[in-house]
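A.B. asks: What follows is coords-v7.txt, compact mmCIF, C-alpha atoms.
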# COMPACT_ATOMS: atom_id res chain seq x y z
CA MET A 1 -130.59 -199.65 0.21
CA SER A 2 -128.14 -199.88 3.05
CA PHE A 3 -126.86 -196.70 4.65
CA ASP A 4 -123.53 -195.66 3.20
CA ARG A 5 -121.66 -194.08 6.06
CA LYS A 6 -118.98 -192.84 3.72
CA LEU A 7 -121.29 -190.20 2.24
CA VAL A 8 -119.53 -187.73 4.52
CA PRO A 9 -115.89 -187.68 3.35
CA GLU A 10 -113.33 -188.73 5.88
CA ASP A 11 -110.59 -186.42 7.10
CA ASP A 12 -107.90 -185.61 4.61
CA GLU A 13 -104.83 -187.08 6.33
CA SER A 14 -102.43 -185.08 4.21
CA VAL A 15 -104.06 -181.84 5.37
CA ALA A 16 -104.57 -182.86 8.98
CA ASN A 17 -100.84 -182.73 9.59
CA PHE A 18 -100.46 -179.31 7.99
CA ASP A 19 -99.71 -176.23 10.03
CA GLU A 20 -100.79 -172.79 8.96
CA ALA A 21 -97.16 -172.01 8.21
CA ASP A 22 -97.23 -174.68 5.50
CA TRP A 23 -100.19 -173.17 3.70
CA PRO A 24 -99.82 -171.60 0.28
CA ASP A 25 -99.49 -167.82 0.36
CA GLU A 26 -102.89 -167.36 -1.19
CA LEU A 27 -104.65 -169.21 1.62
CA SER A 28 -102.68 -167.27 4.25
CA ALA A 29 -103.80 -164.05 2.58
CA PHE A 30 -107.41 -165.22 2.75
CA ALA A 31 -107.01 -166.05 6.43
CA GLU A 32 -105.62 -162.60 7.15
CA GLN A 33 -108.37 -160.94 5.13
CA LEU A 34 -111.04 -162.85 7.04
CA SER A 35 -109.58 -161.71 10.37
CA ASP A 36 -109.45 -158.09 9.21
CA ASP A 37 -113.01 -158.20 7.87
CA ALA A 38 -114.31 -159.68 11.10
CA ALA A 39 -112.59 -156.96 13.15
CA HIS A 40 -113.98 -154.27 10.83
CA LEU A 41 -117.53 -155.65 11.10
CA ALA A 42 -117.28 -155.83 14.88
CA SER A 43 -116.17 -152.20 15.02
CA MET A 44 -118.99 -151.14 12.69
CA TYR A 45 -121.72 -152.98 14.58
CA PRO A 46 -120.67 -153.36 18.21
CA ALA A 47 -122.79 -155.34 20.64
CA SER A 48 -125.49 -153.44 22.46
CA SER A 49 -124.29 -151.65 25.61
CA VAL A 50 -127.25 -153.08 27.53
CA LEU A 51 -125.54 -156.43 27.75
CA THR A 52 -121.88 -155.54 27.71
CA GLY A 53 -120.83 -154.49 31.13
CA ASP A 54 -123.01 -151.48 31.83
CA LYS A 55 -123.86 -152.38 35.41
CA GLU A 56 -126.77 -149.99 35.65
CA ARG A 57 -128.45 -151.35 32.57
CA THR A 58 -128.18 -155.11 33.06
CA LEU A 59 -131.10 -157.43 32.50
CA SER A 60 -132.60 -157.03 35.93
CA VAL A 61 -136.32 -157.31 36.39
CA LYS A 62 -136.70 -154.91 39.30
CA PRO A 63 -139.96 -152.98 38.98
CA ASN A 64 -139.18 -149.31 38.58
CA LYS A 65 -141.17 -146.45 40.04
CA HIS A 66 -142.86 -145.67 36.77
CA ARG A 67 -144.11 -149.23 36.40
CA ARG A 68 -145.37 -149.32 39.99
CA TRP A 69 -147.20 -146.04 39.45
CA LYS A 70 -148.88 -147.46 36.33
CA GLN A 71 -149.86 -150.65 38.16
CA GLY A 72 -151.37 -148.56 40.96
CA LEU A 73 -153.34 -146.50 38.48
CA ALA A 74 -154.68 -149.58 36.71
CA PHE A 75 -155.66 -151.14 40.04
CA GLY A 76 -157.38 -147.93 41.16
CA GLY A 77 -159.30 -147.69 37.90
CA THR A 78 -160.49 -151.28 38.15
CA LEU A 79 -161.52 -150.80 41.78
CA ALA A 80 -163.45 -147.64 40.93
CA SER A 81 -165.27 -149.42 38.08
CA VAL A 82 -166.24 -152.30 40.36
CA LEU A 83 -167.50 -149.91 43.05
CA ILE A 84 -169.52 -147.91 40.55
CA LEU A 85 -171.09 -151.04 39.12
CA ALA A 86 -171.87 -152.31 42.60
CA PHE A 87 -173.50 -148.97 43.40
CA MET A 88 -175.58 -148.89 40.24
CA LEU A 89 -176.83 -152.48 40.09
CA PRO A 90 -179.48 -152.07 42.84
CA HIS A 91 -180.76 -148.92 41.08
CA LEU A 92 -181.02 -150.75 37.81
CA SER A 93 -182.91 -153.66 39.31
CA ASP A 94 -185.32 -151.17 40.95
CA GLU A 95 -185.82 -149.42 37.67
CA ALA A 96 -186.46 -152.66 35.85
CA SER A 97 -189.15 -153.73 38.34
CA SER A 98 -190.91 -150.35 38.52
CA PRO A 99 -193.78 -149.75 36.05
CA THR A 100 -192.99 -147.22 33.36
CA ASP A 101 -195.25 -145.26 31.14
CA GLY A 102 -194.34 -143.83 27.79
CA THR A 103 -193.12 -140.53 29.12
CA SER A 104 -191.13 -141.60 32.15
CA VAL A 105 -187.54 -140.63 32.44
CA LEU A 106 -185.12 -142.78 34.41
CA PRO A 107 -182.68 -140.78 36.49
CA ILE A 108 -179.04 -141.69 36.54
CA HIS A 109 -178.40 -140.50 40.08
CA SER A 110 -181.00 -139.60 42.63
CA ASP A 111 -179.07 -136.51 43.64
CA LEU A 112 -179.21 -135.01 40.20
CA THR A 113 -181.42 -132.00 39.70
CA ASP A 114 -184.36 -132.29 37.36
CA GLU A 115 -182.64 -129.99 34.98
CA ALA A 116 -179.48 -132.02 34.92
CA SER A 117 -181.29 -135.31 34.60
CA SER A 118 -183.35 -134.11 31.69
CA ALA A 119 -180.20 -132.89 30.05
CA GLN A 120 -178.74 -136.39 30.30
CA THR A 121 -181.54 -138.27 28.62
CA VAL A 122 -181.47 -139.70 25.16
CA SER A 123 -184.56 -140.04 23.02
CA VAL A 124 -184.82 -143.41 21.34
CA ASP A 125 -187.63 -144.34 19.02
CA THR A 126 -188.04 -147.99 19.89
CA SER A 127 -189.91 -150.33 17.66
CA THR A 128 -189.06 -153.15 20.07
CA SER A 129 -191.38 -151.67 22.65
CA GLU A 130 -194.23 -152.14 20.23
CA ARG A 131 -193.19 -155.71 19.61
CA ASN A 132 -193.25 -156.44 23.31
CA LYS A 133 -196.57 -154.87 24.10
CA GLY A 134 -198.54 -158.13 23.51
CA SER A 135 -202.05 -157.89 24.84
CA ASN A 136 -201.48 -154.39 26.15
CA ASP A 137 -203.22 -151.97 23.84
CA THR A 138 -201.33 -148.94 24.99
CA THR A 139 -199.08 -147.79 22.15
CA VAL A 140 -195.69 -146.67 23.23
CA SER A 141 -194.18 -144.67 20.50
CA ASN A 142 -191.41 -142.85 22.23
CA ILE A 143 -189.56 -144.18 25.25
CA GLU A 144 -186.74 -142.20 26.71
CA PHE A 145 -183.66 -144.02 28.00
CA THR A 146 -180.93 -142.76 30.15
CA PRO A 147 -177.35 -143.76 29.45
CA SER A 148 -177.51 -145.88 32.60
CA PHE A 149 -178.94 -148.75 30.57
CA LEU A 150 -176.10 -148.51 28.13
CA LEU A 151 -173.62 -148.79 30.94
CA LEU A 152 -174.50 -152.45 31.41
CA ASP A 153 -172.62 -153.32 28.24
CA ALA A 154 -169.80 -150.85 28.74
CA THR A 155 -166.29 -152.10 29.42
CA GLY A 156 -164.19 -150.70 32.24
CA PRO A 157 -162.40 -147.99 30.25
CA GLU A 158 -165.63 -147.00 28.47
CA LEU A 159 -167.36 -146.73 31.81
CA GLU A 160 -164.63 -144.49 33.13
CA GLY A 161 -164.86 -142.32 30.04
CA LEU A 162 -168.62 -141.99 30.38
CA LEU A 163 -168.33 -141.10 34.02
CA ASP A 164 -165.80 -138.43 33.21
CA LEU A 165 -168.19 -136.99 30.64
CA LEU A 166 -171.08 -137.14 33.08
CA GLU A 167 -168.99 -135.28 35.62
CA HIS A 168 -168.65 -132.54 33.05
CA GLU A 169 -172.39 -132.66 32.49
CA LYS A 170 -173.02 -131.89 36.12
CA THR A 171 -171.27 -128.59 35.73
CA GLY A 172 -173.49 -127.78 32.76
CA GLU A 173 -170.52 -127.05 30.53
CA ASP A 174 -170.78 -129.92 28.05
CA THR A 175 -173.53 -132.14 26.75
CA LEU A 176 -173.48 -135.79 25.85
CA SER A 177 -175.27 -137.03 22.78
CA ILE A 178 -175.53 -140.70 21.99
CA MET B 1 -119.60 -177.22 41.49
CA LYS B 2 -119.85 -173.45 41.77
CA LYS B 3 -123.11 -171.98 40.52
CA LEU B 4 -122.84 -169.85 37.40
CA ASP B 5 -123.38 -166.13 37.77
CA ILE B 6 -125.45 -165.60 34.63
CA ASP B 7 -125.24 -161.79 34.75
CA GLN B 8 -121.47 -161.90 35.05
CA VAL B 9 -121.04 -164.50 32.31
CA THR B 10 -123.27 -162.43 30.04
CA GLN B 11 -121.33 -159.25 30.66
CA ASP B 12 -118.02 -161.00 30.10
CA ASN B 13 -118.94 -162.87 26.93
CA PHE B 14 -121.75 -161.07 25.15
CA ALA B 15 -119.45 -159.00 22.92
CA ARG B 16 -117.53 -162.01 21.59
CA ILE B 17 -120.67 -164.06 20.97
CA HIS B 18 -122.28 -161.09 19.23
CA ARG B 19 -119.20 -160.67 17.02
CA ALA B 20 -119.35 -164.30 15.90
CA ALA B 21 -123.13 -164.04 15.39
CA LEU B 22 -122.64 -160.95 13.23
CA VAL B 23 -120.20 -162.74 10.94
CA LEU B 24 -122.52 -165.74 10.72
CA SER B 25 -125.78 -163.87 10.11
CA GLY B 26 -124.64 -160.94 7.97
CA ASN B 27 -126.67 -158.26 9.73
CA PRO B 28 -126.72 -156.77 13.24
CA TRP B 29 -130.42 -157.46 13.85
CA ASP B 30 -130.17 -161.20 13.40
CA ALA B 31 -126.86 -161.09 15.26
CA ASP B 32 -128.62 -159.48 18.24
CA ASP B 33 -131.27 -162.19 18.17
CA LEU B 34 -128.77 -165.01 17.86
CA ALA B 35 -126.54 -163.68 20.63
CA GLN B 36 -129.44 -163.03 22.99
CA GLU B 37 -130.91 -166.44 22.33
CA THR B 38 -127.53 -167.98 23.12
CA PHE B 39 -127.63 -166.41 26.57
CA LEU B 40 -131.25 -167.38 27.07
CA VAL B 41 -130.21 -170.99 26.46
CA LEU B 42 -127.37 -170.47 28.92
CA ALA B 43 -129.80 -169.16 31.54
CA ALA B 44 -132.19 -172.05 30.98
CA GLN B 45 -129.56 -174.79 30.93
CA ALA B 46 -126.88 -173.43 33.23
CA ASP B 47 -127.05 -176.55 35.38
CA ARG B 48 -125.85 -178.64 32.42
CA PHE B 49 -122.52 -176.85 32.35
CA LYS B 50 -120.10 -179.18 34.11
CA GLY B 51 -117.12 -176.86 34.16
CA LYS B 52 -114.92 -179.24 32.17
CA SER B 53 -114.32 -176.58 29.52
CA SER B 54 -114.31 -172.80 29.41
CA ILE B 55 -117.70 -171.18 29.57
CA TYR B 56 -117.09 -169.36 26.29
CA THR B 57 -116.40 -172.58 24.36
CA TRP B 58 -119.73 -173.85 25.68
CA LEU B 59 -121.40 -170.62 24.55
CA TYR B 60 -119.85 -170.90 21.08
CA GLY B 61 -121.24 -174.44 20.89
CA ILE B 62 -124.73 -173.15 21.69
CA LEU B 63 -124.33 -170.37 19.11
CA MET B 64 -123.30 -172.79 16.37
CA ASN B 65 -126.27 -175.04 17.10
CA LEU B 66 -128.63 -172.07 17.00
CA ASP B 67 -127.08 -170.91 13.74
CA ARG B 68 -127.60 -174.33 12.15
CA ARG B 69 -131.21 -174.33 13.32
CA GLU B 70 -131.78 -170.81 11.98
CA ARG B 71 -130.35 -171.72 8.57
CA ARG B 72 -132.64 -174.72 8.33
CA ARG B 73 -135.64 -172.58 9.25
CA TYR B 74 -134.59 -169.87 6.86
CA ALA B 75 -134.29 -172.37 4.01
CA VAL B 76 -137.86 -173.60 4.63
CA ARG B 77 -139.21 -170.07 4.99
CA ARG B 78 -137.44 -168.98 1.84
CA ARG B 79 -138.95 -171.82 -0.20
CA LYS B 80 -142.43 -170.91 1.02
CA LEU B 81 -141.95 -167.22 0.29
CA LYS B 82 -140.57 -168.03 -3.14
CA VAL B 83 -143.68 -170.02 -4.02
CA LEU B 84 -145.92 -167.17 -2.87
CA TRP B 85 -143.84 -164.59 -4.71
CA ASP B 86 -143.72 -166.58 -7.94
CA ASN B 87 -147.49 -167.03 -7.91
CA GLU B 88 -148.01 -163.28 -7.93
CA SER B 89 -149.04 -162.20 -11.39
CA GLU B 90 -148.06 -158.58 -10.88
CA GLU B 91 -144.70 -157.46 -12.25
CA ARG B 92 -142.50 -156.16 -9.46
CA THR B 93 -139.41 -154.04 -9.42
CA CYS B 94 -138.45 -154.62 -5.79
CA PRO B 95 -136.37 -157.53 -4.41
CA PRO B 96 -138.25 -160.80 -3.92
CA ALA B 97 -139.84 -161.51 -0.56
CA GLU B 98 -137.32 -164.23 0.23
CA THR B 99 -134.35 -161.90 -0.16
CA ARG B 100 -131.93 -162.09 2.72
CA ILE B 101 -131.17 -158.93 4.67
CA GLU B 102 -127.46 -158.24 4.74
CA VAL B 103 -125.55 -155.12 5.60
CA LEU B 104 -123.32 -153.68 2.92
CA GLU B 105 -120.10 -154.02 4.97
CA TRP B 106 -120.74 -157.73 5.37
CA LYS B 107 -121.76 -158.14 1.74
CA LYS B 108 -118.47 -156.59 0.62
CA SER B 109 -116.38 -158.70 2.98
CA LEU B 110 -115.01 -162.20 2.44
CA TRP B 111 -117.53 -163.49 4.97
CA ALA B 112 -120.28 -163.16 2.38
CA TRP B 113 -118.40 -165.81 0.38
CA VAL B 114 -117.80 -167.97 3.42
CA GLU B 115 -121.58 -168.08 3.77
CA LYS B 116 -121.74 -170.25 0.65
CA LEU B 117 -119.54 -172.96 2.19
CA PRO B 118 -120.89 -176.02 4.04
CA ASN B 119 -121.77 -175.49 7.70
CA GLY B 120 -118.80 -177.46 9.05
CA GLN B 121 -116.23 -175.43 7.11
CA ARG B 122 -118.07 -172.18 7.78
CA HIS B 123 -118.17 -172.69 11.53
CA ALA B 124 -114.52 -173.72 11.63
CA LEU B 125 -113.50 -170.60 9.70
CA VAL B 126 -115.57 -168.32 11.95
CA LEU B 127 -114.11 -169.78 15.13
CA ARG B 128 -110.56 -169.64 13.78
CA PHE B 129 -110.40 -166.32 11.94
CA SER B 130 -113.12 -164.22 13.53
CA GLU B 131 -112.71 -165.48 17.07
CA GLY B 132 -109.06 -166.46 16.91
CA LEU B 133 -109.55 -169.71 18.82
CA PRO B 134 -106.85 -172.41 18.79
CA TYR B 135 -107.55 -175.66 16.94
CA ASP B 136 -108.06 -177.77 20.04
CA GLN B 137 -110.82 -175.46 21.33
CA ILE B 138 -112.49 -175.43 17.92
CA ALA B 139 -112.41 -179.23 17.95
CA GLU B 140 -114.03 -179.19 21.38
CA ILE B 141 -116.77 -176.77 20.29
CA LEU B 142 -117.54 -178.59 17.05
CA GLU B 143 -117.20 -181.95 18.79
CA CYS B 144 -114.89 -183.41 16.17
CA PRO B 145 -111.23 -184.53 16.06
CA LEU B 146 -108.41 -182.02 15.68
CA GLY B 147 -107.55 -183.36 12.23
CA THR B 148 -111.09 -182.70 11.06
CA VAL B 149 -110.83 -179.08 12.16
CA LYS B 150 -107.59 -178.61 10.26
CA SER B 151 -109.08 -180.29 7.23
CA ARG B 152 -112.23 -178.16 7.34
CA ILE B 153 -110.27 -174.95 7.65
CA PHE B 154 -107.89 -175.85 4.84
CA HIS B 155 -110.63 -177.00 2.50
CA GLY B 156 -112.81 -174.07 3.52
CA LEU B 157 -110.13 -171.63 2.41
CA GLY B 158 -109.64 -173.67 -0.75
CA GLY B 159 -113.38 -173.49 -1.42
CA LEU B 160 -113.26 -169.76 -0.88
CA ARG B 161 -110.52 -169.47 -3.49
CA ARG B 162 -112.55 -171.45 -6.00
CA LEU B 163 -115.61 -169.30 -5.37
CA LEU B 164 -113.63 -166.12 -5.91
CA ASP B 165 -111.95 -167.54 -9.01
CA ASN B 166 -115.41 -168.12 -10.45
CA GLU B 167 -116.72 -164.81 -9.16
CA ASP B 168 -117.80 -163.57 -12.59
CA GLU B 169 -119.63 -166.79 -13.34
CA ASN B 170 -121.28 -166.71 -9.95
CA ALA B 171 -122.34 -163.15 -10.52
CA ARG B 172 -123.90 -164.15 -13.83
CA ASP B 173 -125.63 -167.14 -12.24
CA LEU B 174 -127.00 -165.21 -9.31
CA PRO B 175 -128.35 -161.81 -10.35
CA ALA B 176 -129.47 -159.56 -7.54
CA PHE B 177 -133.04 -159.98 -8.72
CA PRO B 178 -134.12 -160.63 -12.28
CA GLN B 179 -136.90 -158.06 -12.46
CA GLU B 180 -134.78 -155.22 -11.18
CA ASP B 181 -135.75 -151.90 -12.65
CA ILE B 182 -132.51 -150.22 -13.72
CA THR B 183 -134.01 -147.65 -16.04
CA ASN B 184 -133.41 -144.86 -13.53
CA VAL B 185 -129.84 -145.80 -12.70
CA VAL B 186 -127.48 -142.94 -13.54
Starting from the coordinates I provided, produce the structure as structure tokens.

C.D. replies:
Amino acid sequence: MSFDRKLVPEDDESVANFDEADWPDELSAFAEQLSDDAAHLASMYPASSVLTGDKERTLSVKPNKHRRWKQGLAFGGTLASVLILAFMLPHLSDEASSPTDGTSVLPIHSDLTDEASSAQTVSVDTSTSERNKGSNDTTVSNIEFTPSFLLLDATGPELEGLLDLLEHEKTGEDTLSI
Amino acid sequence: MKKLDIDQVTQDNFARIHRAALVLSGNPWDADDLAQETFLVLAAQADRFKGKSSIYTWLYGILMNLDRRERRRYAVRRRKLKVLWDNESEERTCPPAETRIEVLEWKKSLWAWVEKLPNGQRHALVLRFSEGLPYDQIAEILECPLGTVKSRIFHGLGGLRRLLDNEDENARDLPAFPQEDITNVV
């Protein structure tokens, strides 16, 4: 089927020469009503002041002080996490290579007192240790872990939270149970 | 050609574009989106403005194109939502998911009837009676001859009269929503 370009009606020549003054009264009334309604709607729902001439609130993208402060805080937090991880990795590798018996307790920090370090241990009944024993006949029924192992899987914010809690632990006010 | 100051153009023209968008969309939220998107297009395509016409006629042209696009999208979205809604077995007493959001002031105005007219007539009526633009500028915005603009406006008003004459029939044909719970209406 060929395309019929006359599907869209052509201009009505008789109307094209009309002026609004020639319109029937009814159409003029509609026109007036439309103008009034549009003005009423515009007064009811004016455009947002953000974009209508308020110089101080234009769409600028200048970073404000608050945003800069937040960025600084986020950067500081990330840096602290990286430093802590860098500090702890050598300890962890040492701990992994050192032989452990069933009752050994791994310290989190070397400067912690015995009392504090024992307070920060978590008892875990590990069946995996029995699985891994292989030819070794020594039965390990109860190995104690410190939270330092758990920190390997912790995300940045979790790490910060744990460190905050451990800081409290040092003072002996709170305890951490995992 | 002088480079456009986008901030200045936005401050000078946002209110008028928002007003036209409000009449076209029927609610201030969609009007905000339409108006802001118009100025985003302006910011992205400012180098295409050759300065042969007023900046606001160019902006109205962008707005009308965006409105056409939105109506097409809305029609598709509405069909999809209708299918989903109709497939629900549960009886509901709230409006269907595809119901348009309109503010009461708009719903009560003549512009709610203009919405039922074809796009060409609707845009011509908005530019003439909401924005008060002369015919030659409307012709420039809609990219059609002057006679076509006059014809669209005349026939648009005529169509409006027919719609209002048949208002009762239209009201019967288009209930607010068929499953409306009116048992608690005082």

A.B. asks: One number please: atom CA of Ser151 of chain B to atom CA of Tyr60 of chain B, in Å, one decimal.

C.D. replies: 19.9 Å

A.B. asks: Can you check which residues of chain B have any atom within 7 Å of chain A? Use all atoms listed in the file and format it as a compact mmCIF listing (two decimals) with C-alpha atoms, in the coordinates of the input.

C.D. replies:
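Listing of part_14.txt after writing:
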# COMPACT_ATOMS: atom_id res chain seq x y z
CA THR B 10 -123.27 -162.43 30.04
CA GLN B 11 -121.33 -159.25 30.66
CA PHE B 14 -121.75 -161.07 25.15
CA ALA B 15 -119.45 -159.00 22.92
CA HIS B 18 -122.28 -161.09 19.23
CA ARG B 19 -119.20 -160.67 17.02
CA VAL B 23 -120.20 -162.74 10.94
CA PRO B 28 -126.72 -156.77 13.24
CA GLU B 105 -120.10 -154.02 4.97
CA TRP B 106 -120.74 -157.73 5.37
CA SER B 109 -116.38 -158.70 2.98
CA LEU B 110 -115.01 -162.20 2.44
CA TRP B 111 -117.53 -163.49 4.97
CA PHE B 129 -110.40 -166.32 11.94
CA SER B 130 -113.12 -164.22 13.53
CA GLY B 147 -107.55 -183.36 12.23
CA THR B 148 -111.09 -182.70 11.06
CA LYS B 150 -107.59 -178.61 10.26
CA SER B 151 -109.08 -180.29 7.23
CA LEU B 157 -110.13 -171.63 2.41

A.B. asks: Could you check how far atom CA of Thr57 of chain B sits from atom CA of Val76 of chain B, in Å to one decimal?

C.D. replies: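 Here the two named atoms are 29.2 Å from each other.
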
A.B. asks: For atom CA of Leu40 of chain B and atom CA of Glu140 of chain B, determine how far apart the two atoms are, in Å to one decimal place.

C.D. replies: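 For atom CA of Leu40 of chain B relative to atom CA of Glu140 of chain B, the distance reads 21.6 Å.
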
A.B. asks: Taking all atoms listed in the file into account, which of B:Ala31, B:Leu117, B:Leu4, B:Ile17 comes nearest Gly159 of chain B?

C.D. replies: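 Closest to Gly159 of chain B, using all atoms listed in the file: B:Leu117.
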